[in-house]
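Text of coords.pdb, listed as PDB, C-alpha atoms and all ligand atoms:
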```pdb
ATOM      1  CA  MET A1019      44.948  79.196 100.080
ATOM      2  CA  SER A1020      44.101  78.046  96.600
ATOM      3  CA  ASP A1021      44.985  79.296  93.133
ATOM      4  CA  SER A1022      41.806  81.316  93.153
ATOM      5  CA  ARG A1023      43.356  83.771  95.589
ATOM      6  CA  PRO A1024      42.316  87.338  94.743
ATOM      7  CA  ASP A1025      44.870  89.754  93.342
ATOM      8  CA  TYR A1026      45.387  91.321  96.742
ATOM      9  CA  GLN A1027      48.018  93.868  95.731
ATOM     10  CA  ARG A1028      45.858  95.311  92.983
ATOM     11  CA  ILE A1029      42.768  95.307  95.195
ATOM     12  CA  ILE A1030      44.337  97.084  98.161
ATOM     13  CA  GLU A1031      45.984  99.670  95.913
ATOM     14  CA  GLN A1032      42.746 100.342  94.097
ATOM     15  CA  ILE A1033      40.671 100.817  97.245
ATOM     16  CA  HIS A1034      43.398 102.924  98.831
ATOM     17  CA  GLN A1035      43.607 105.182  95.761
ATOM     18  CA  GLU A1036      39.855 105.533  95.530
ATOM     19  CA  LEU A1037      39.555 106.555  99.171
ATOM     20  CA  LEU A1038      42.333 109.118  98.762
ATOM     21  CA  LEU A1039      40.254 110.764  96.038
ATOM     22  CA  HIS A1040      37.318 111.151  98.401
ATOM     23  CA  LYS A1041      37.106 113.671 101.204
ATOM     24  CA  ASN A1042      38.471 112.398 104.505
ATOM     25  CA  TYR A1043      36.231 112.891 107.542
ATOM     26  CA  GLY A1044      36.590 112.858 111.307
ATOM     27  CA  GLU A1045      39.040 114.168 113.877
ATOM     28  CA  VAL A1046      42.265 112.884 115.370
ATOM     29  CA  ALA A1047      42.148 111.848 119.038
ATOM     30  CA  ASP A1048      43.349 115.165 120.438
ATOM     31  CA  TYR A1049      42.329 114.284 123.997
ATOM     32  CA  ILE A1050      45.762 112.612 124.012
ATOM     33  CA  PRO A1051      47.818 115.730 123.169
ATOM     34  CA  GLU A1052      50.648 113.830 121.508
ATOM     35  CA  LEU A1053      48.244 112.183 119.059
ATOM     36  CA  ALA A1054      47.045 115.592 117.871
ATOM     37  CA  ASN A1055      50.496 116.274 116.425
ATOM     38  CA  ILE A1056      50.397 113.781 113.582
ATOM     39  CA  ASP A1057      49.615 114.291 109.914
ATOM     40  CA  SER A1058      45.987 113.238 109.830
ATOM     41  CA  GLU A1059      46.006 112.409 106.097
ATOM     42  CA  GLN A1060      48.359 109.451 106.403
ATOM     43  CA  PHE A1061      46.852 106.173 105.286
ATOM     44  CA  GLY A1062      48.587 102.801 105.266
ATOM     45  CA  VAL A1063      47.611  99.181 104.666
ATOM     46  CA  PHE A1064      49.407  95.876 105.246
ATOM     47  CA  LEU A1065      47.958  92.466 104.451
ATOM     48  CA  HIS A1066      49.724  89.370 105.757
ATOM     49  CA  THR A1067      48.404  86.021 104.545
ATOM     50  CA  VAL A1068      48.721  82.646 106.277
ATOM     51  CA  ASP A1069      50.684  81.343 103.319
ATOM     52  CA  GLY A1070      53.336  83.919 104.226
ATOM     53  CA  ASN A1071      52.716  86.525 101.515
ATOM     54  CA  ASN A1072      52.606  90.253 102.160
ATOM     55  CA  TYR A1073      50.853  93.072 100.344
ATOM     56  CA  HIS A1074      51.033  96.722 101.301
ATOM     57  CA  THR A1075      50.371 100.254 100.193
ATOM     58  CA  GLY A1076      50.503 103.875 101.387
ATOM     59  CA  ASP A1077      52.024 104.775 104.752
ATOM     60  CA  TRP A1078      52.375 101.195 105.946
ATOM     61  CA  GLN A1079      55.843 101.784 107.366
ATOM     62  CA  THR A1080      54.995 104.787 109.551
ATOM     63  CA  PRO A1081      54.678 104.023 113.272
ATOM     64  CA  PHE A1082      51.527 105.009 115.115
ATOM     65  CA  SER A1083      50.069 104.478 118.560
ATOM     66  CA  ILE A1084      48.441 101.071 119.067
ATOM     67  CA  GLN A1085      46.054 102.377 121.764
ATOM     68  CA  SER A1086      43.006 100.158 122.374
ATOM     69  CA  ILE A1087      44.189  97.459 119.988
ATOM     70  CA  VAL A1088      46.608  96.413 122.712
ATOM     71  CA  LYS A1089      43.627  95.383 124.849
ATOM     72  CA  VAL A1090      43.379  92.176 122.800
ATOM     73  CA  LEU A1091      46.977  91.287 123.634
ATOM     74  CA  LEU A1092      46.545  92.161 127.303
ATOM     75  CA  LEU A1093      43.491  89.925 127.308
ATOM     76  CA  SER A1094      45.457  87.086 125.693
ATOM     77  CA  LEU A1095      48.043  87.297 128.461
ATOM     78  CA  ALA A1096      45.411  87.248 131.202
ATOM     79  CA  TYR A1097      43.315  84.520 129.574
ATOM     80  CA  THR A1098      46.238  82.141 129.148
ATOM     81  CA  LYS A1099      46.942  82.447 132.884
ATOM     82  CA  LEU A1100      43.412  82.428 134.325
ATOM     83  CA  GLY A1101      41.339  80.616 131.687
ATOM     84  CA  GLY A1102      37.594  80.830 132.319
ATOM     85  CA  ARG A1103      38.111  82.247 135.826
ATOM     86  CA  LEU A1104      38.872  85.549 134.141
ATOM     87  CA  TRP A1105      35.175  85.951 133.317
ATOM     88  CA  GLN A1106      34.378  86.376 137.007
ATOM     89  CA  ARG A1107      36.141  89.737 136.780
ATOM     90  CA  VAL A1108      35.048  90.941 133.324
ATOM     91  CA  GLY A1109      32.216  89.953 130.961
ATOM     92  CA  VAL A1110      32.073  89.103 127.264
ATOM     93  CA  GLU A1111      28.988  91.060 126.227
ATOM     94  CA  PRO A1112      28.996  94.024 123.854
ATOM     95  CA  SER A1113      28.507  97.168 125.893
ATOM     96  CA  GLY A1114      26.736  99.389 123.388
ATOM     97  CA  THR A1115      28.482 102.293 125.097
ATOM     98  CA  PRO A1116      31.573 104.425 124.323
ATOM     99  CA  PHE A1117      35.002 103.036 125.187
ATOM    100  CA  ASN A1118      35.417 105.165 128.306
ATOM    101  CA  ALA A1119      31.879 104.795 129.697
ATOM    102  CA  MET A1120      31.329 104.536 133.448
ATOM    103  CA  GLY A1121      27.563 104.419 133.446
ATOM    104  CA  THR A1122      26.854 100.695 133.659
ATOM    105  CA  LEU A1123      29.563  99.810 136.174
ATOM    106  CA  GLU A1124      27.646 100.536 139.346
ATOM    107  CA  HIS A1125      24.634  98.609 138.155
ATOM    108  CA  ASP A1126      26.916  95.692 137.160
ATOM    109  CA  ASP A1127      28.672  95.575 140.577
ATOM    110  CA  GLY A1128      31.966  96.719 139.091
ATOM    111  CA  ILE A1129      32.158  93.939 136.469
ATOM    112  CA  PRO A1130      32.900  95.639 133.130
ATOM    113  CA  ARG A1131      30.759  94.354 130.269
ATOM    114  CA  ASN A1132      33.779  93.326 128.206
ATOM    115  CA  PRO A1133      37.592  93.453 128.220
ATOM    116  CA  PHE A1134      37.786  95.997 125.390
ATOM    117  CA  SER A1135      36.102  98.835 127.228
ATOM    118  CA  ASN A1136      38.595 100.950 129.174
ATOM    119  CA  ALA A1137      37.101  99.647 132.421
ATOM    120  CA  GLY A1138      37.514  96.064 131.220
ATOM    121  CA  ALA A1139      41.106  96.631 130.151
ATOM    122  CA  LEU A1140      41.928  98.216 133.513
ATOM    123  CA  VAL A1141      40.622  95.102 135.269
ATOM    124  CA  VAL A1142      42.684  92.942 132.894
ATOM    125  CA  CYS A1143      45.770  95.025 133.785
ATOM    126  CA  ASP A1144      45.006  94.441 137.457
ATOM    127  CA  VAL A1145      44.891  90.692 136.765
ATOM    128  CA  LEU A1146      48.215  90.888 134.928
ATOM    129  CA  MET A1147      49.823  92.568 137.928
ATOM    130  CA  ASP A1148      48.811  89.573 140.029
ATOM    131  CA  THR A1149      49.837  86.934 137.496
ATOM    132  CA  TYR A1150      53.048  88.195 135.875
ATOM    133  CA  GLU A1151      56.187  89.277 137.628
ATOM    134  CA  ASP A1152      56.751  91.935 134.946
ATOM    135  CA  PRO A1153      53.572  92.521 132.894
ATOM    136  CA  ARG A1154      55.252  95.097 130.618
ATOM    137  CA  ALA A1155      57.963  92.615 129.719
ATOM    138  CA  ALA A1156      55.290  89.958 129.137
ATOM    139  CA  LEU A1157      53.408  92.267 126.781
ATOM    140  CA  LEU A1158      56.514  93.132 124.788
ATOM    141  CA  ALA A1159      57.510  89.472 124.665
ATOM    142  CA  LEU A1160      54.084  88.572 123.277
ATOM    143  CA  LEU A1161      54.152  91.355 120.684
ATOM    144  CA  ARG A1162      57.665  90.510 119.607
ATOM    145  CA  SER A1163      57.122  86.788 119.452
ATOM    146  CA  ALA A1164      53.804  87.184 117.605
ATOM    147  CA  SER A1165      55.265  89.597 115.042
ATOM    148  CA  GLY A1166      58.768  88.178 114.828
ATOM    149  CA  ASP A1167      59.994  91.764 115.295
ATOM    150  CA  ASP A1168      62.150  92.568 118.313
ATOM    151  CA  THR A1169      62.071  96.316 117.762
ATOM    152  CA  ILE A1170      58.460  96.848 118.920
ATOM    153  CA  ASP A1171      58.449  98.989 122.068
ATOM    154  CA  PHE A1172      56.547 101.431 124.260
ATOM    155  CA  ASP A1173      56.499 105.110 123.313
ATOM    156  CA  PRO A1174      57.266 106.996 126.534
ATOM    157  CA  VAL A1175      56.289 110.358 125.003
ATOM    158  CA  VAL A1176      52.770 109.170 124.137
ATOM    159  CA  ALA A1177      52.454 107.459 127.519
ATOM    160  CA  ALA A1178      53.469 110.639 129.380
ATOM    161  CA  SER A1179      51.134 112.730 127.249
ATOM    162  CA  GLU A1180      48.165 110.521 128.093
ATOM    163  CA  LYS A1181      49.123 110.271 131.757
ATOM    164  CA  ALA A1182      49.108 114.061 132.027
ATOM    165  CA  GLU A1183      45.511 114.216 130.786
ATOM    166  CA  GLY A1184      44.174 110.842 131.923
ATOM    167  CA  HIS A1185      41.459 112.100 134.270
ATOM    168  CA  ARG A1186      38.733 109.885 132.896
ATOM    169  CA  ASN A1187      40.778 106.702 133.193
ATOM    170  CA  LEU A1188      41.888 107.731 136.677
ATOM    171  CA  ALA A1189      38.239 108.131 137.620
ATOM    172  CA  LEU A1190      37.428 104.734 136.100
ATOM    173  CA  VAL A1191      40.155 102.843 137.934
ATOM    174  CA  ASN A1192      39.186 104.494 141.229
ATOM    175  CA  PHE A1193      35.529 103.682 140.660
ATOM    176  CA  LEU A1194      36.407 100.053 139.906
ATOM    177  CA  LYS A1195      38.523  99.938 143.064
ATOM    178  CA  SER A1196      35.631 101.286 145.117
ATOM    179  CA  LEU A1197      33.439  98.529 143.671
ATOM    180  CA  GLY A1198      36.014  95.878 144.654
ATOM    181  CA  ASN A1199      37.265  94.880 141.200
ATOM    182  CA  ILE A1200      40.780  96.354 141.361
ATOM    183  CA  HIS A1201      43.143  94.669 143.833
ATOM    184  CA  ASN A1202      46.356  96.589 143.229
ATOM    185  CA  ASP A1203      47.327 100.212 143.664
ATOM    186  CA  VAL A1204      45.175 102.316 141.302
ATOM    187  CA  GLU A1205      48.075 104.446 140.054
ATOM    188  CA  ALA A1206      50.128 101.367 139.235
ATOM    189  CA  VAL A1207      47.249  99.736 137.327
ATOM    190  CA  LEU A1208      46.590 102.926 135.362
ATOM    191  CA  ASP A1209      50.282 103.270 134.623
ATOM    192  CA  LEU A1210      50.446  99.756 133.177
ATOM    193  CA  TYR A1211      47.323 100.391 131.088
ATOM    194  CA  LEU A1212      48.605 103.683 129.653
ATOM    195  CA  ASP A1213      52.085 102.332 128.965
ATOM    196  CA  SER A1214      50.457  99.435 127.106
ATOM    197  CA  CYS A1215      48.325 101.800 124.989
ATOM    198  CA  SER A1216      51.457 103.743 124.019
ATOM    199  CA  VAL A1217      53.138 100.902 122.117
ATOM    200  CA  ALA A1218      54.236 102.118 118.679
ATOM    201  CA  VAL A1219      53.625  99.885 115.667
ATOM    202  CA  ASN A1220      53.407 100.322 111.931
ATOM    203  CA  CYS A1221      50.873  98.494 109.759
ATOM    204  CA  GLU A1222      53.265  95.635 109.061
ATOM    205  CA  GLN A1223      54.080  95.078 112.726
ATOM    206  CA  LEU A1224      50.405  95.235 113.630
ATOM    207  CA  ALA A1225      49.295  92.777 110.950
ATOM    208  CA  ARG A1226      52.086  90.370 111.882
ATOM    209  CA  SER A1227      51.321  90.707 115.608
ATOM    210  CA  PHE A1228      47.744  89.555 115.017
ATOM    211  CA  MET A1229      48.527  86.718 112.630
ATOM    212  CA  PHE A1230      48.214  84.156 115.437
ATOM    213  CA  PHE A1231      44.507  85.003 115.700
ATOM    214  CA  ALA A1232      44.165  84.042 112.027
ATOM    215  CA  ASN A1233      46.237  80.917 112.558
ATOM    216  CA  HIS A1234      44.430  79.171 115.450
ATOM    217  CA  GLY A1235      46.686  80.688 118.096
ATOM    218  CA  GLN A1236      49.984  79.786 116.447
ATOM    219  CA  THR A1237      52.643  82.139 115.060
ATOM    220  CA  LEU A1238      53.503  81.655 111.399
ATOM    221  CA  ASP A1239      57.234  81.964 111.921
ATOM    222  CA  GLY A1240      58.471  79.378 114.354
ATOM    223  CA  GLY A1241      55.041  77.864 115.019
ATOM    224  CA  VAL A1242      54.835  79.085 118.616
ATOM    225  CA  GLN A1243      51.420  78.231 120.119
ATOM    226  CA  LEU A1244      50.525  81.494 121.883
ATOM    227  CA  LEU A1245      46.896  80.458 122.421
ATOM    228  CA  ASN A1246      45.306  77.087 121.961
ATOM    229  CA  ARG A1247      42.684  76.649 119.233
ATOM    230  CA  SER A1248      39.752  77.129 121.548
ATOM    231  CA  GLN A1249      41.255  80.224 123.155
ATOM    232  CA  ALA A1250      41.931  81.767 119.738
ATOM    233  CA  LYS A1251      38.344  81.067 118.697
ATOM    234  CA  ARG A1252      36.978  82.720 121.811
ATOM    235  CA  LEU A1253      39.120  85.824 121.577
ATOM    236  CA  ASN A1254      38.192  86.212 117.914
ATOM    237  CA  ALA A1255      34.538  86.039 118.976
ATOM    238  CA  ILE A1256      35.076  88.834 121.503
ATOM    239  CA  MET A1257      36.797  90.919 118.824
ATOM    240  CA  LEU A1258      33.824  90.409 116.529
ATOM    241  CA  THR A1259      31.235  91.344 119.133
ATOM    242  CA  CYS A1260      33.110  94.003 121.129
ATOM    243  CA  GLY A1261      36.052  95.218 119.044
ATOM    244  CA  PHE A1262      34.677  98.535 117.810
ATOM    245  CA  TYR A1263      33.226 100.354 120.810
ATOM    246  CA  ASP A1264      29.522 100.922 120.216
ATOM    247  CA  GLU A1265      29.995 100.398 116.496
ATOM    248  CA  ALA A1266      30.760  96.680 116.760
ATOM    249  CA  GLY A1267      27.446  95.617 115.240
ATOM    250  CA  ASP A1268      27.916  97.972 112.334
ATOM    251  CA  PHE A1269      31.441  96.652 111.745
ATOM    252  CA  ALA A1270      30.255  93.037 111.778
ATOM    253  CA  TYR A1271      27.459  93.993 109.395
ATOM    254  CA  LYS A1272      29.601  95.948 106.950
ATOM    255  CA  VAL A1273      32.958  94.161 107.203
ATOM    256  CA  GLY A1274      32.240  90.749 108.687
ATOM    257  CA  LEU A1275      35.604  90.116 110.362
ATOM    258  CA  PRO A1276      36.833  89.927 113.956
ATOM    259  CA  GLY A1277      38.980  92.978 114.615
ATOM    260  CA  LYS A1278      39.960  95.753 116.947
ATOM    261  CA  SER A1279      40.376  99.475 116.547
ATOM    262  CA  GLY A1280      42.261 102.087 118.545
ATOM    263  CA  VAL A1281      42.069 105.854 118.842
ATOM    264  CA  GLY A1282      45.495 106.080 117.197
ATOM    265  CA  GLY A1283      43.572 105.380 113.973
ATOM    266  CA  GLY A1284      44.682 101.786 113.576
ATOM    267  CA  ILE A1285      42.405  98.837 112.879
ATOM    268  CA  VAL A1286      43.431  95.207 112.635
ATOM    269  CA  ALA A1287      41.079  92.519 111.337
ATOM    270  CA  VAL A1288      41.599  88.801 110.795
ATOM    271  CA  LEU A1289      40.058  86.104 108.666
ATOM    272  CA  PRO A1290      40.959  82.763 110.284
ATOM    273  CA  ASN A1291      42.868  80.465 107.889
ATOM    274  CA  HIS A1292      43.416  83.356 105.499
ATOM    275  CA  PHE A1293      44.915  86.643 106.651
ATOM    276  CA  SER A1294      45.612  89.405 109.125
ATOM    277  CA  LEU A1295      45.022  92.913 107.763
ATOM    278  CA  ALA A1296      46.098  96.204 109.356
ATOM    279  CA  VAL A1297      44.874  99.612 108.238
ATOM    280  CA  TRP A1298      45.861 102.974 109.657
ATOM    281  CA  SER A1299      44.374 106.410 109.090
ATOM    282  CA  PRO A1300      44.251 108.801 112.062
ATOM    283  CA  ARG A1301      40.966 110.625 111.510
ATOM    284  CA  LEU A1302      38.276 109.026 113.680
ATOM    285  CA  ASN A1303      34.521 109.030 113.217
ATOM    286  CA  GLU A1304      32.251 110.065 116.080
ATOM    287  CA  LYS A1305      32.431 106.534 117.568
ATOM    288  CA  GLY A1306      36.234 106.673 117.755
ATOM    289  CA  ASN A1307      36.990 104.373 114.808
ATOM    290  CA  SER A1308      39.212 105.318 111.864
ATOM    291  CA  TYR A1309      36.973 106.765 109.160
ATOM    292  CA  ARG A1310      39.085 105.638 106.225
ATOM    293  CA  GLY A1311      40.072 102.415 107.945
ATOM    294  CA  LEU A1312      36.436 101.346 108.226
ATOM    295  CA  ARG A1313      35.686 102.291 104.647
ATOM    296  CA  PHE A1314      38.754 100.429 103.422
ATOM    297  CA  LEU A1315      37.809  97.238 105.247
ATOM    298  CA  GLU A1316      34.203  97.397 104.113
ATOM    299  CA  GLN A1317      35.293  97.663 100.505
ATOM    300  CA  PHE A1318      37.992  95.029 100.883
ATOM    301  CA  THR A1319      35.623  92.323 102.105
ATOM    302  CA  THR A1320      33.013  93.378  99.538
ATOM    303  CA  VAL A1321      35.425  93.219  96.577
ATOM    304  CA  THR A1322      37.178  89.993  97.665
ATOM    305  CA  GLY A1323      34.039  88.330  99.025
ATOM    306  CA  GLU A1324      36.214  87.179 101.940
ATOM    307  CA  SER A1325      34.695  87.443 105.398
ATOM    308  CA  ILE A1326      33.679  84.999 108.112
ATOM    309  CA  PHE A1327      30.091  85.018 106.832
TER     310      PHE A1327
HETATM  311  N1  LIG B1401      44.501 105.028 125.776
HETATM  312  C1  LIG B1401      43.202 105.301 125.259
HETATM  313  C2  LIG B1401      42.250 105.657 126.388
HETATM  314  O1  LIG B1401      42.247 105.003 127.370
HETATM  315  C3  LIG B1401      42.720 104.097 124.500
HETATM  316  C4  LIG B1401      41.377 104.345 123.933
HETATM  317  C5  LIG B1401      41.139 103.665 122.641
HETATM  318  O2  LIG B1401      42.007 103.479 121.810
HETATM  319  O3  LIG B1401      39.962 103.334 122.469
HETATM  320  O4  LIG B1401      41.535 106.602 126.325
END
```

Please express the file's structure as structure tokens.
Ligand code: GLU
Amino acid sequence: MSDSRPDYQRIIEQIHQELLLHKNYGEVADYIPELANIDSEQFGVFLHTVDGNNYHTGDWQTPFSIQSIVKVLLLSLAYTKLGGRLWQRVGVEPSGTPFNAMGTLEHDDGIPRNPFSNAGALVVCDVLMDTYEDPRAALLALLRSASGDDTIDFDPVVAASEKAEGHRNLALVNFLKSLGNIHNDVEAVLDLYLDSCSVAVNCEQLARSFMFFANHGQTLDGGVQLLNRSQAKRLNAIMLTCGFYDEAGDFAYKVGLPGKSGVGGGIVAVLPNHFSLAVWSPRLNEKGNSYRGLRFLEQFTTVTGESIF
């Protein structure tokens, strides 16, 4: 990055402060009972740049549930093993439907439209069960190596809470099995998926975990090549087109960065060659994306003029 780098600390603080002055909208994801118990007004930001600088504000140190954001990391694990063969099991088209939709599956012969829908992520988990001896260990190893933080772990309380109420995902995995696109035991696949969604991260850990997408597949610390350049490009493209449920077009239009959201209220977005940026605020809009997180990112790319476009 050049000398003309924006004053990131001032910018993130200013946007954060401004948003705190405005009414917060949306609801927390109370369909996962444990997620209903958090203080919905928390709001954290962490910006990690490829030149190794960090900027943060608000509740950036508070852990939250990664939820759907983990689907990008699950996909990375599957893609590095299967390469292009993975696309026989799951597509790369935006779905234009909610994250837990079942509607198109029958018509599409059990091939989910993309890996970031719940159906797509369940198929990816099925692939991981066939390709890794211990997929949970592989996921933690990826998260820890990508972030340089060995403390990142699953949250068994969140996992149990979602398992107790996971009727929709149970229906999805059974439906996929009936259509021939799940090879392993449905309970085991669902268990892996829900454990993965339970991983607890704070904004710093999340931003650091996604830095390799901003750095052509390579970690900043240690230079580990987790994806090759082409793979990183392709996964960034899927984040851009499919990362925000049926609000992906709106996100690309307003923010202009590849990214991924989760119903825990987290959003991570990357600008290749520049930064990885994590925002967390638990109240979700009607599409399931963090209300304040979206507004923050929209203002950030507007003020800095930094986006992929
Ligand atoms: N574990 C959540 C579910 O399957 C993830 C959803 C999300 O973050 O979009 O419902």

For this session: Measuring atom to atom with all atoms listed in the file, identify which of A:Ser1022, A:Gln1085, A:Asn1291, A:Ser1179 is nearest to ligand LIG 1401 (chain B).
Result: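 With all atoms listed in the file as the atom set, the closest residue is A:Gln1085.
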
List as JSON lines every residue of chain A that is in contact with ligand LIG 1401 (chain B), defined as an atom at most 8 Å from one of its atoms (using all atoms listed in the file), together with the nearest atom pair and the distance in Å rounded to one decimal, sorted by chain and then rising number.
```
{"residue": "A:Ile1050", "atom": "CA", "partner": "B:LIG1401", "partner_atom": "O4", "distance": 7.7}
{"residue": "A:Ile1084", "atom": "CA", "partner": "B:LIG1401", "partner_atom": "O2", "distance": 7.4}
{"residue": "A:Gln1085", "atom": "CA", "partner": "B:LIG1401", "partner_atom": "O2", "distance": 4.2}
{"residue": "A:Ser1086", "atom": "CA", "partner": "B:LIG1401", "partner_atom": "O2", "distance": 3.5}
{"residue": "A:Ile1087", "atom": "CA", "partner": "B:LIG1401", "partner_atom": "O2", "distance": 6.7}
{"residue": "A:Phe1117", "atom": "CA", "partner": "B:LIG1401", "partner_atom": "O3", "distance": 5.7}
{"residue": "A:Asn1118", "atom": "CA", "partner": "B:LIG1401", "partner_atom": "O4", "distance": 6.6}
{"residue": "A:Ser1135", "atom": "CA", "partner": "B:LIG1401", "partner_atom": "O3", "distance": 7.6}
{"residue": "A:Asn1136", "atom": "CA", "partner": "B:LIG1401", "partner_atom": "O1", "distance": 5.7}
{"residue": "A:Glu1180", "atom": "CA", "partner": "B:LIG1401", "partner_atom": "N1", "distance": 7.0}
{"residue": "A:Gly1184", "atom": "CA", "partner": "B:LIG1401", "partner_atom": "O4", "distance": 7.5}
{"residue": "A:Arg1186", "atom": "CA", "partner": "B:LIG1401", "partner_atom": "O4", "distance": 7.9}
{"residue": "A:Asn1187", "atom": "CA", "partner": "B:LIG1401", "partner_atom": "O1", "distance": 6.2}
{"residue": "A:Tyr1211", "atom": "CA", "partner": "B:LIG1401", "partner_atom": "N1", "distance": 7.6}
{"residue": "A:Leu1212", "atom": "CA", "partner": "B:LIG1401", "partner_atom": "N1", "distance": 5.8}
{"residue": "A:Cys1215", "atom": "CA", "partner": "B:LIG1401", "partner_atom": "N1", "distance": 5.1}
{"residue": "A:Ser1216", "atom": "CA", "partner": "B:LIG1401", "partner_atom": "N1", "distance": 7.3}
{"residue": "A:Tyr1263", "atom": "CA", "partner": "B:LIG1401", "partner_atom": "O3", "distance": 7.6}
{"residue": "A:Ser1279", "atom": "CA", "partner": "B:LIG1401", "partner_atom": "O2", "distance": 6.8}
{"residue": "A:Gly1280", "atom": "CA", "partner": "B:LIG1401", "partner_atom": "O2", "distance": 3.6}
{"residue": "A:Val1281", "atom": "CA", "partner": "B:LIG1401", "partner_atom": "O2", "distance": 3.8}
{"residue": "A:Gly1282", "atom": "CA", "partner": "B:LIG1401", "partner_atom": "O2", "distance": 6.3}
{"residue": "A:Gly1306", "atom": "CA", "partner": "B:LIG1401", "partner_atom": "O3", "distance": 6.9}
```

Problem set entry | A:Ala1182, A:Ile1056, A:Leu1312, A:Ala1155 ranked by distance to A:Pro1081, top pick (using all atoms listed in the file) |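 With all atoms listed in the file as the atom set, the closest residue is A:Ile1056.
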
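Atom CA of A:Pro1112 is positioned 5.9 Å from atom CA of A:Thr1259.
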
Evaluate the PyMOL selection byres (((chain A and resi 1254-1258) around 9) and not hetatm) on the structure here and hand back the selected residues as a compact mmCIF listing (two decimals) with C-alpha atoms, keeping the file's coordinate frame.
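So selection33.txt came out as:
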```txt
# COMPACT_ATOMS: atom_id res chain seq x y z
CA VAL A 1090 43.38 92.18 122.80
CA VAL A 1110 32.07 89.10 127.26
CA GLU A 1111 28.99 91.06 126.23
CA PRO A 1112 29.00 94.02 123.85
CA ASN A 1132 33.78 93.33 128.21
CA PRO A 1133 37.59 93.45 128.22
CA PHE A 1134 37.79 96.00 125.39
CA PHE A 1231 44.51 85.00 115.70
CA ALA A 1232 44.16 84.04 112.03
CA GLN A 1249 41.26 80.22 123.16
CA ALA A 1250 41.93 81.77 119.74
CA LYS A 1251 38.34 81.07 118.70
CA ARG A 1252 36.98 82.72 121.81
CA LEU A 1253 39.12 85.82 121.58
CA THR A 1259 31.24 91.34 119.13
CA CYS A 1260 33.11 94.00 121.13
CA GLY A 1261 36.05 95.22 119.04
CA PHE A 1262 34.68 98.54 117.81
CA ALA A 1266 30.76 96.68 116.76
CA GLY A 1267 27.45 95.62 115.24
CA PHE A 1269 31.44 96.65 111.74
CA ALA A 1270 30.26 93.04 111.78
CA GLY A 1274 32.24 90.75 108.69
CA LEU A 1275 35.60 90.12 110.36
CA PRO A 1276 36.83 89.93 113.96
CA GLY A 1277 38.98 92.98 114.62
CA LYS A 1278 39.96 95.75 116.95
CA ALA A 1287 41.08 92.52 111.34
CA VAL A 1288 41.60 88.80 110.80
CA PRO A 1290 40.96 82.76 110.28
```

Coordinates of box centre and edge lengths for stretch 1295-1311 of chain A, 8 Å on every side, axis-aligned, as lines of an AutoDock Vina configuration file:
```
center_x = 39.2
center_y = 101.8
center_z = 112.0
size_x = 29.8
size_y = 33.7
size_z = 27.5
```

Problem set entry | Reference answer for the PyMOL selection byres (((chain A and resi 1154) around 12) and not hetatm), as a ChimeraX atom specification | /A:1088,1091-1092,1095,1143,1146-1147,1149-1153,1155-1161,1171-1172,1206-1207,1209-1217

Problem set entry | Test item: which residues lie within 6 Å of (49.9, 104.0, 101.2) counting only C-alpha atoms, as a list in words |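 Result, sorted by chain then residue number: Phe1061, Gly1062, Thr1075, Gly1076 and Asp1077 of chain A.
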
Problem set entry | Ground truth for the PyMOL selection byres (((chain A and resi 1164) around 8) and not hetatm), written as a PyMOL selection string | chain A and resi 1160-1163+1165-1166+1226-1230+1237+1244

Exercise. Of the residues A:Tyr1309, A:Phe1064, A:Glu1265, A:Arg1131, which is the one nearest to A:Gln1223, using all atoms listed in the file?
Worked result: A:Phe1064

For this session: Between A:Val1242, A:Ile1030, A:Phe1318, A:Val1145, single out the one closest to A:Tyr1097, counting all atoms listed in the file.
Result: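 Result for the nearest residue to A:Tyr1097: A:Val1145.
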
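Of note, atom CA of A:Val1204 and atom CA of A:Pro1051 are spaced 22.7 Å apart.
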
Problem set entry | Length of the atom CA of A:Gln1035 to atom CA of A:Glu1052 vector [Å] | 28.1 Å

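The residue that comes closest to A:Arg1023, out of A:Glu1183, A:Asp1127, A:Asp1069, A:Asp1048 and on the basis of all atoms listed in the file, is A:Asp1069.
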
For this session: Can you pull out every residue within 9 Å of A:Leu1123, counting only C-alpha atoms, but drop anything in the same chain fewer than 4 positions away, and send it as a list of chain:residue names?
Result: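 In the requested form, the answer reads A:Ala1119, A:Asp1127, A:Gly1128, A:Ile1129, A:Pro1130, A:Arg1131, A:Ala1137, A:Phe1193, A:Leu1194, A:Leu1197.
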
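Distances here use all atoms listed in the file; by that measure, the residue among A:Ser1294, A:Thr1319, A:Thr1080, A:Thr1115 closest to A:Tyr1271 is A:Thr1319.
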